[in-house]
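**Student:** Supplied structure: structure_32.tsv, TSV, C-alpha atoms and all ligand atoms.
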```tsv
chain	number	residue	atom	x	y	z
C	1	MET	CA	27.56	-12.19	-23.84
C	2	ASN	CA	24.09	-13.61	-24.05
C	3	THR	CA	21.33	-12.40	-21.76
C	4	ILE	CA	18.31	-14.38	-20.67
C	5	GLU	CA	16.15	-12.02	-22.77
C	6	ASN	CA	18.25	-12.97	-25.78
C	7	LEU	CA	17.77	-16.67	-25.05
C	8	LYS	CA	14.01	-16.15	-24.74
C	9	LYS	CA	13.98	-14.57	-28.21
C	10	LYS	CA	15.99	-17.48	-29.61
C	11	ILE	CA	13.61	-20.02	-28.05
C	12	LYS	CA	10.60	-18.17	-29.51
C	13	ASN	CA	12.26	-18.15	-32.91
C	14	ILE	CA	12.99	-21.90	-32.81
C	15	VAL	CA	9.42	-22.64	-31.77
C	16	GLU	CA	7.88	-20.43	-34.45
C	17	ASN	CA	9.92	-22.09	-37.19
C	18	TYR	CA	9.47	-25.69	-36.04
C	19	ASP	CA	7.29	-27.88	-38.23
C	20	GLU	CA	8.78	-31.39	-37.99
C	21	ASP	CA	6.30	-32.70	-35.45
C	22	LEU	CA	3.48	-31.55	-33.22
C	23	ILE	CA	4.20	-29.17	-30.38
C	24	ARG	CA	1.97	-26.97	-28.23
C	25	GLY	CA	3.47	-23.96	-26.47
C	26	TYR	CA	6.82	-23.38	-24.79
C	27	ILE	CA	8.38	-22.00	-21.62
C	28	THR	CA	11.75	-20.71	-20.50
C	29	GLY	CA	13.59	-21.49	-17.28
C	30	ASP	CA	12.34	-20.22	-13.94
C	31	GLY	CA	14.26	-18.83	-10.97
C	32	PRO	CA	17.13	-16.49	-10.18
C	33	ILE	CA	20.19	-15.89	-12.38
C	34	PRO	CA	22.90	-16.51	-11.26
C	35	CYS	CA	21.96	-19.39	-8.98
C	36	ASP	CA	24.02	-22.10	-7.21
C	37	ILE	CA	21.44	-24.84	-7.74
C	38	LEU	CA	20.02	-25.70	-11.16
C	39	PHE	CA	17.50	-28.47	-11.82
C	40	VAL	CA	17.10	-29.64	-15.42
C	41	GLY	CA	13.96	-31.53	-16.45
C	42	GLU	CA	12.79	-33.05	-19.71
C	43	ALA	CA	10.17	-30.86	-21.41
C	44	PRO	CA	7.15	-28.90	-20.19
C	45	GLY	CA	3.67	-30.38	-20.10
C	46	LYS	CA	0.20	-28.86	-20.41
C	47	THR	CA	0.10	-27.07	-17.06
C	48	GLU	CA	3.58	-25.65	-17.51
C	49	VAL	CA	2.84	-24.02	-20.87
C	50	GLU	CA	-0.52	-22.77	-19.56
C	51	GLN	CA	1.10	-21.15	-16.54
C	52	GLY	CA	4.39	-20.23	-18.26
C	53	LYS	CA	6.48	-21.90	-15.56
C	54	ALA	CA	8.51	-25.13	-15.26
C	55	PHE	CA	7.34	-27.96	-12.95
C	56	VAL	CA	3.96	-26.68	-11.82
C	57	GLY	CA	1.84	-29.70	-12.94
C	58	THR	CA	1.51	-33.10	-11.26
C	59	ALA	CA	5.25	-33.87	-11.44
C	60	GLY	CA	5.94	-30.33	-10.24
C	61	LYS	CA	3.85	-30.87	-7.11
C	62	ASN	CA	5.93	-33.95	-6.23
C	63	PHE	CA	9.07	-32.02	-7.04
C	64	GLU	CA	8.19	-29.07	-4.82
C	65	LYS	CA	7.16	-31.29	-1.92
C	66	HIS	CA	10.54	-33.01	-1.90
C	67	LEU	CA	12.39	-29.76	-2.47
C	68	ASN	CA	10.71	-28.29	0.58
C	69	SER	CA	11.43	-31.45	2.59
C	70	ILE	CA	15.17	-30.71	2.39
C	71	GLY	CA	14.73	-27.07	3.36
C	72	LEU	CA	14.78	-25.55	-0.13
C	73	SER	CA	12.11	-23.54	-1.89
C	74	ARG	CA	11.55	-22.42	-5.46
C	75	GLU	CA	13.06	-19.00	-4.68
C	76	ASN	CA	16.47	-20.60	-3.90
C	77	ILE	CA	16.74	-22.61	-7.09
C	78	ARG	CA	16.47	-22.37	-10.86
C	79	VAL	CA	14.58	-24.95	-12.92
C	80	THR	CA	14.78	-25.41	-16.65
C	81	ASN	CA	14.28	-28.10	-19.29
C	82	THR	CA	16.25	-29.96	-21.95
C	83	CYS	CA	13.56	-29.21	-24.52
C	84	TYR	CA	11.78	-25.89	-24.11
C	85	PHE	CA	8.61	-26.64	-26.06
C	86	ARG	CA	5.86	-29.11	-25.22
C	87	PRO	CA	6.02	-32.11	-27.59
C	88	ILE	CA	2.55	-33.52	-28.14
C	89	LYS	CA	0.74	-36.30	-29.96
C	90	ILE	CA	-2.89	-36.48	-30.95
C	91	LYS	CA	-4.69	-39.77	-30.44
C	92	GLU	CA	-8.03	-40.73	-31.87
C	93	GLY	CA	-10.18	-42.82	-29.55
C	94	LYS	CA	-12.62	-45.59	-30.59
C	95	THR	CA	-15.47	-43.10	-30.71
C	96	GLY	CA	-13.50	-40.81	-33.02
C	97	LYS	CA	-12.86	-38.30	-30.27
C	98	THR	CA	-9.33	-36.92	-30.32
C	99	SER	CA	-7.15	-36.27	-27.31
C	100	ILE	CA	-3.83	-34.50	-26.91
C	101	SER	CA	-1.08	-35.97	-24.78
C	102	ASN	CA	2.58	-35.31	-24.06
C	103	ARG	CA	5.26	-37.31	-25.85
C	104	PRO	CA	8.97	-37.49	-24.98
C	105	PRO	CA	11.15	-35.07	-26.96
C	106	LYS	CA	13.03	-36.62	-29.89
C	107	ILE	CA	16.84	-36.42	-30.04
C	108	SER	CA	16.50	-33.92	-32.91
C	109	GLU	CA	14.23	-31.73	-30.74
C	110	ILE	CA	16.70	-31.84	-27.86
C	111	GLU	CA	19.47	-30.86	-30.31
C	112	LEU	CA	17.47	-27.82	-31.46
C	113	PHE	CA	17.98	-26.42	-27.96
C	114	ARG	CA	21.57	-27.55	-27.38
C	115	GLU	CA	23.05	-24.06	-27.64
C	116	ILE	CA	20.23	-22.50	-25.60
C	117	LEU	CA	20.64	-24.90	-22.67
C	118	ASP	CA	24.45	-24.53	-22.76
C	119	GLU	CA	24.05	-20.75	-22.69
C	120	GLU	CA	21.48	-20.86	-19.92
C	121	ILE	CA	23.86	-22.98	-17.82
C	122	LYS	CA	26.63	-20.42	-18.41
C	123	LEU	CA	24.36	-17.57	-17.31
C	124	VAL	CA	23.09	-19.42	-14.24
C	125	HIS	CA	26.64	-20.47	-13.37
C	126	PRO	CA	25.48	-23.18	-10.92
C	127	LYS	CA	27.65	-25.04	-8.43
C	128	ILE	CA	25.46	-28.11	-8.92
C	129	ILE	CA	23.15	-29.30	-11.69
C	130	ILE	CA	20.52	-31.84	-10.74
C	131	THR	CA	19.34	-33.77	-13.79
C	132	LEU	CA	15.79	-35.11	-13.50
C	133	GLY	CA	15.45	-38.40	-15.40
C	134	ASN	CA	17.33	-39.88	-18.34
C	135	VAL	CA	16.71	-37.11	-20.88
C	136	PRO	CA	18.79	-34.35	-19.20
C	137	LEU	CA	21.26	-36.95	-17.88
C	138	ARG	CA	22.10	-38.15	-21.40
C	139	ARG	CA	22.11	-34.62	-22.79
C	140	LEU	CA	24.56	-33.26	-20.21
C	141	THR	CA	26.80	-36.25	-19.44
C	142	ASN	CA	28.10	-39.47	-20.98
C	143	PHE	CA	26.09	-41.47	-18.47
C	144	LYS	CA	23.60	-43.84	-20.02
C	145	SER	CA	21.15	-44.74	-17.32
C	146	ILE	CA	19.63	-43.03	-14.34
C	147	GLY	CA	19.22	-46.43	-12.65
C	148	GLU	CA	23.00	-46.65	-12.37
C	149	TYR	CA	23.83	-43.07	-11.36
C	150	HIS	CA	20.92	-41.67	-9.32
C	151	GLY	CA	21.86	-40.21	-5.96
C	152	THR	CA	25.58	-39.83	-6.74
C	153	LEU	CA	27.70	-36.70	-7.08
C	154	HIS	CA	30.12	-36.13	-10.00
C	155	PHE	CA	32.21	-33.18	-11.05
C	156	ASN	CA	31.73	-32.30	-14.72
C	157	GLN	CA	34.76	-30.51	-16.16
C	158	GLU	CA	32.98	-29.34	-19.28
C	159	LEU	CA	30.19	-27.69	-17.34
C	160	SER	CA	32.47	-26.57	-14.46
C	161	SER	CA	29.78	-27.83	-12.14
C	162	TYR	CA	28.85	-30.82	-10.05
C	163	ILE	CA	26.19	-33.09	-11.51
C	164	PHE	CA	23.73	-34.96	-9.29
C	165	PRO	CA	21.46	-37.34	-11.26
C	166	MET	CA	17.98	-37.97	-9.87
C	167	TYR	CA	14.92	-39.81	-11.10
C	168	HIS	CA	12.30	-37.61	-12.73
C	169	PRO	CA	9.54	-36.74	-10.22
C	170	SER	CA	6.91	-38.24	-12.56
C	171	SER	CA	8.53	-41.66	-12.02
C	172	LEU	CA	6.71	-41.67	-8.67
C	173	THR	CA	3.46	-41.80	-10.60
C	174	TYR	CA	4.62	-44.79	-12.65
C	175	ASN	CA	6.34	-46.66	-9.86
C	176	ARG	CA	4.22	-46.71	-6.75
C	177	SER	CA	6.17	-49.37	-4.85
C	178	GLU	CA	7.22	-48.60	-1.29
C	179	GLU	CA	10.77	-49.55	-2.20
C	180	PHE	CA	10.99	-46.98	-5.00
C	181	ASN	CA	9.42	-44.31	-2.82
C	182	LEU	CA	11.99	-44.88	-0.07
C	183	MET	CA	14.86	-44.84	-2.53
C	184	TYR	CA	13.58	-41.59	-4.07
C	185	LYS	CA	13.35	-39.95	-0.64
C	186	GLU	CA	16.83	-41.21	0.17
C	187	ASP	CA	18.17	-39.55	-3.01
C	188	TRP	CA	16.77	-36.21	-1.82
C	189	ASN	CA	18.53	-36.70	1.52
C	190	LYS	CA	21.75	-37.48	-0.34
C	191	LEU	CA	21.26	-34.25	-2.30
C	192	LYS	CA	20.81	-32.36	0.96
C	193	LYS	CA	24.13	-33.73	2.21
C	194	ALA	CA	25.86	-32.95	-1.11
C	195	LEU	CA	24.60	-29.35	-0.91
C	196	GLU	CA	25.94	-28.98	2.65
C	197	ASN	CA	29.42	-29.92	1.42
C	198	LEU	CA	29.55	-27.80	-1.73
L	1	LIG	N1	8.27	-32.36	-16.56
L	1	LIG	C1	9.44	-31.84	-16.99
L	1	LIG	O1	10.37	-32.56	-17.30
L	1	LIG	N2	9.55	-30.52	-17.04
L	1	LIG	C2	8.57	-29.68	-16.68
L	1	LIG	O2	8.77	-28.48	-16.75
L	1	LIG	C3	7.37	-30.26	-16.24
L	1	LIG	C4	7.23	-31.60	-16.19
```
Go ahead and render the structure in this file as structure tokens.
Ligand code: URA
**Tutor:**
Amino acid sequence: MNTIENLKKKIKNIVENYDEDLIRGYITGDGPIPCDILFVGEAPGKTEVEQGKAFVGTAGKNFEKHLNSIGLSRENIRVTNTCYFRPIKIKEGKTGKTSISNRPPKISEIELFREILDEEIKLVHPKIIITLGNVPLRRLTNFKSIGEYHGTLHFNQELSSYIFPMYHPSSLTYNRSEEFNLMYKEDWNKLKKALENL
């Protein structure tokens, strides 16, 4: 049986041996084990690797606000990612100044952590897994698009858990329309109802 300490060692080992593309730091999941409610994001960003904790940057603030709005707090849930390191790219500006930014994880990078995420899910043994955005949705289910499945509850035999797809909280930064905002809030209310009936 794996332990979370074992998984942390495996993650560290993967990170230390990775040289296919640029990465900067890594984190492991955050929250109690076991736990009924597991959120799975994409990959950590700058703030997350600095603070060693998932969803504490800009997207994390949005996430926590909505989590609290349905009566949950970070202590009641576990949060992890599909890719445990921070994928980065370095851009050179017109003046020659370089800047580092996040990039989405590649399929091959997600695959590096396949066993780790599967093992983490087994250890957490959640009743419900909430996927945040397309990356964890495609990794954990056969569903292709968050636009089609967000806000709906499905039982996943393979994972022995319910799956509830949601948009990634950073989508609020990209889509500032009132309509999207309302729909996003509505999805959190649907999650609240799903949790009441688990
Ligand atoms: N976005 C994610 O998908 N995961 C994090 O941990 C932070 C931001």
**Student:** Around ligand LIG 1 (chain L), which protein and nucleic acid residues have at least one atom no more than 7 Å from it, if we count only C-alpha atoms and all ligand atoms? List them as JSON, numbers by chain.
**Tutor:** {"C": [41, 42, 43, 44, 45, 48, 54, 55, 56, 57, 59, 60, 80, 81]}
**Student:** Using all atoms listed in the file, which of C:Lys12, C:Arg139, C:Arg74, C:Lys127 sits nearest Pro105 in chain C?
**Tutor:**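 Selected residue with least distance to Pro105 in chain C: C:Arg139.
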**Student:** Report as a PyMOL selection string all protein, DNA and RNA residues lying within 8 Å of Thr152 in chain C, evaluated on all atoms listed in the file, omitting residues in the same chain fewer than 5 positions from it.
**Tutor:** chain C and resi 164-165+190
**Student:** So which one's closest to Tyr162 in chain C, C:Arg176, C:His66, C:Asp36, C:Ile128? Using only C-alpha atoms, please.
**Tutor:**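 Comparing C:Arg176, C:His66, C:Asp36, C:Ile128 against Tyr162 in chain C, the winner is C:Ile128.
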**Student:** Could you please determine the separation between CA of Gly29 in chain C and CA of Cys83 in chain C in Å, to one decimal place?
**Tutor:** 10.6 Å
**Student:** Could you check which residues have any atom within 12 Å of (32.0, -30.9, -2.6), counting only C-alpha atoms with coordinates taken straight from the file, and then list them as a list in words?
**Tutor:** Lys127, Ile128, Thr152, Leu153, His154, Phe155, Ser161, Tyr162, Ile163, Phe164, Leu191, Lys192, Lys193, Ala194, Leu195, Glu196, Asn197 and Leu198 of chain C
**Student:** Hey, which of C:Phe180, C:Leu137, C:Phe143, C:Asp30 ends up closest to Met166 in chain C? Count all atoms listed in the file.
**Tutor:**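 Closest to Met166 in chain C of all the choices is C:Leu137.
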**Student:** Under the rule that all atoms listed in the file are counted, which of C:His168, C:Thr82, C:Pro126, C:Val135 is the nearest residue to Phe113 in chain C?
**Tutor:**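 Of the candidates, the smallest distance to Phe113 in chain C is held by C:Thr82.
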**Student:** Can you write out as a Markdown table which residues of range 129-168 of chain C fall within 12 Å of range 119-122 of chain C, alongside each residue's closest atom pair and its distance in Å to one decimal, counting all atoms listed in the file and ordering rows by chain and ascending residue number?
**Tutor:**
```
| residue | atom | partner | partner_atom | distance |
| --- | --- | --- | --- | --- |
| C:Ile129 | CA | C:Ile121 | CA | 8.8 |
| C:Ile130 | CA | C:Ile121 | CA | 11.8 |
| C:Leu140 | CA | C:Ile121 | CA | 10.6 |
| C:Glu158 | CA | C:Lys122 | CA | 11.0 |
| C:Leu159 | CA | C:Ile121 | CA | 7.9 |
| C:Ser160 | CA | C:Lys122 | CA | 9.4 |
| C:Ser161 | CA | C:Ile121 | CA | 9.5 |
```
**Student:** If we count only C-alpha atoms, what is near Ile88 in chain C at a cut-off of 10 Å, once residues fewer than 5 positions away on the same chain are taken out, given as an MDAnalysis selection string?
**Tutor:** chainID C and resid 21:25 45:46 100:105
**Student:** From the list C:Val49, C:Ile116, C:Leu172, C:Val79, which residue is nearest Asn62 in chain C when using all atoms listed in the file?
**Tutor:**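 Closest to Asn62 in chain C, using all atoms listed in the file: C:Leu172.
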**Student:** Between CA of Glu115 in chain C and CA of Pro169 in chain C, what is the distance in Å, rounded to a tenth?
**Tutor:**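 Between these atoms lies a distance of 25.4 Å.
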**Student:** Any idea what's packed within 7 Å of Gly31 in chain C, counting only C-alpha atoms, ignoring anything in its chain fewer than 4 positions away? Could you give it as a PyMOL selection string?
**Tutor:** chain C and resi 75+77-79
**Student:** Just to confirm, what's the straight-line distance from CA of Val40 in chain C to CA of Pro136 in chain C in Å (one decimal)?
**Tutor:**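 Result for CA of Val40 in chain C versus CA of Pro136 in chain C: 6.3 Å, one decimal.
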**Student:** Regenerate range 128-152 of chain C at the level of N, CA and C atoms and dump it as a CSV table (one decimal), in the coordinates of the input.
**Tutor:**
```csv
chain,number,residue,atom,x,y,z
C,128,ILE,N,25.9,-26.7,-8.7
C,128,ILE,CA,25.5,-28.1,-8.9
C,128,ILE,C,24.3,-28.1,-9.9
C,129,ILE,N,24.3,-29.1,-10.8
C,129,ILE,CA,23.2,-29.3,-11.7
C,129,ILE,C,22.5,-30.6,-11.3
C,130,ILE,N,21.2,-30.6,-11.0
C,130,ILE,CA,20.5,-31.8,-10.7
C,130,ILE,C,19.7,-32.2,-12.0
C,131,THR,N,20.1,-33.3,-12.6
C,131,THR,CA,19.3,-33.8,-13.8
C,131,THR,C,18.2,-34.6,-13.3
C,132,LEU,N,17.0,-34.4,-13.9
C,132,LEU,CA,15.8,-35.1,-13.5
C,132,LEU,C,15.4,-36.1,-14.6
C,133,GLY,N,15.8,-37.4,-14.4
C,133,GLY,CA,15.4,-38.4,-15.4
C,133,GLY,C,16.6,-38.6,-16.4
C,134,ASN,N,16.3,-39.5,-17.4
C,134,ASN,CA,17.3,-39.9,-18.3
C,134,ASN,C,17.6,-38.8,-19.4
C,135,VAL,N,16.6,-38.0,-19.7
C,135,VAL,CA,16.7,-37.1,-20.9
C,135,VAL,C,17.8,-36.1,-20.6
C,136,PRO,N,17.7,-35.3,-19.5
C,136,PRO,CA,18.8,-34.4,-19.2
C,136,PRO,C,20.1,-35.0,-18.8
C,137,LEU,N,20.0,-36.2,-18.2
C,137,LEU,CA,21.3,-37.0,-17.9
C,137,LEU,C,22.1,-37.3,-19.1
C,138,ARG,N,21.4,-37.8,-20.2
C,138,ARG,CA,22.1,-38.2,-21.4
C,138,ARG,C,22.5,-36.9,-22.2
C,139,ARG,N,21.8,-35.9,-22.1
C,139,ARG,CA,22.1,-34.6,-22.8
C,139,ARG,C,23.4,-34.0,-22.2
C,140,LEU,N,23.5,-34.0,-20.9
C,140,LEU,CA,24.6,-33.3,-20.2
C,140,LEU,C,25.8,-34.1,-19.8
C,141,THR,N,25.7,-35.4,-19.8
C,141,THR,CA,26.8,-36.2,-19.4
C,141,THR,C,26.9,-37.4,-20.4
C,142,ASN,N,28.0,-38.2,-20.2
C,142,ASN,CA,28.1,-39.5,-21.0
C,142,ASN,C,27.4,-40.6,-20.3
C,143,PHE,N,26.8,-40.4,-19.2
C,143,PHE,CA,26.1,-41.5,-18.5
C,143,PHE,C,24.9,-42.0,-19.3
C,144,LYS,N,24.7,-43.3,-19.2
C,144,LYS,CA,23.6,-43.8,-20.0
C,144,LYS,C,22.3,-44.0,-19.3
C,145,SER,N,22.4,-44.4,-18.0
C,145,SER,CA,21.2,-44.7,-17.3
C,145,SER,C,21.0,-44.2,-15.9
C,146,ILE,N,19.9,-43.6,-15.7
C,146,ILE,CA,19.6,-43.0,-14.3
C,146,ILE,C,19.7,-44.1,-13.2
C,147,GLY,N,19.2,-45.3,-13.6
C,147,GLY,CA,19.2,-46.4,-12.6
C,147,GLY,C,20.6,-46.7,-12.0
C,148,GLU,N,21.6,-46.4,-12.8
C,148,GLU,CA,23.0,-46.6,-12.4
C,148,GLU,C,23.6,-45.5,-11.6
C,149,TYR,N,23.2,-44.3,-11.9
C,149,TYR,CA,23.8,-43.1,-11.4
C,149,TYR,C,23.0,-42.2,-10.4
C,150,HIS,N,21.7,-42.5,-10.2
C,150,HIS,CA,20.9,-41.7,-9.3
C,150,HIS,C,21.5,-41.6,-7.9
C,151,GLY,N,21.4,-40.4,-7.4
C,151,GLY,CA,21.9,-40.2,-6.0
C,151,GLY,C,23.4,-40.1,-5.8
C,152,THR,N,24.1,-39.9,-6.9
C,152,THR,CA,25.6,-39.8,-6.7
C,152,THR,C,26.1,-38.5,-7.3
```
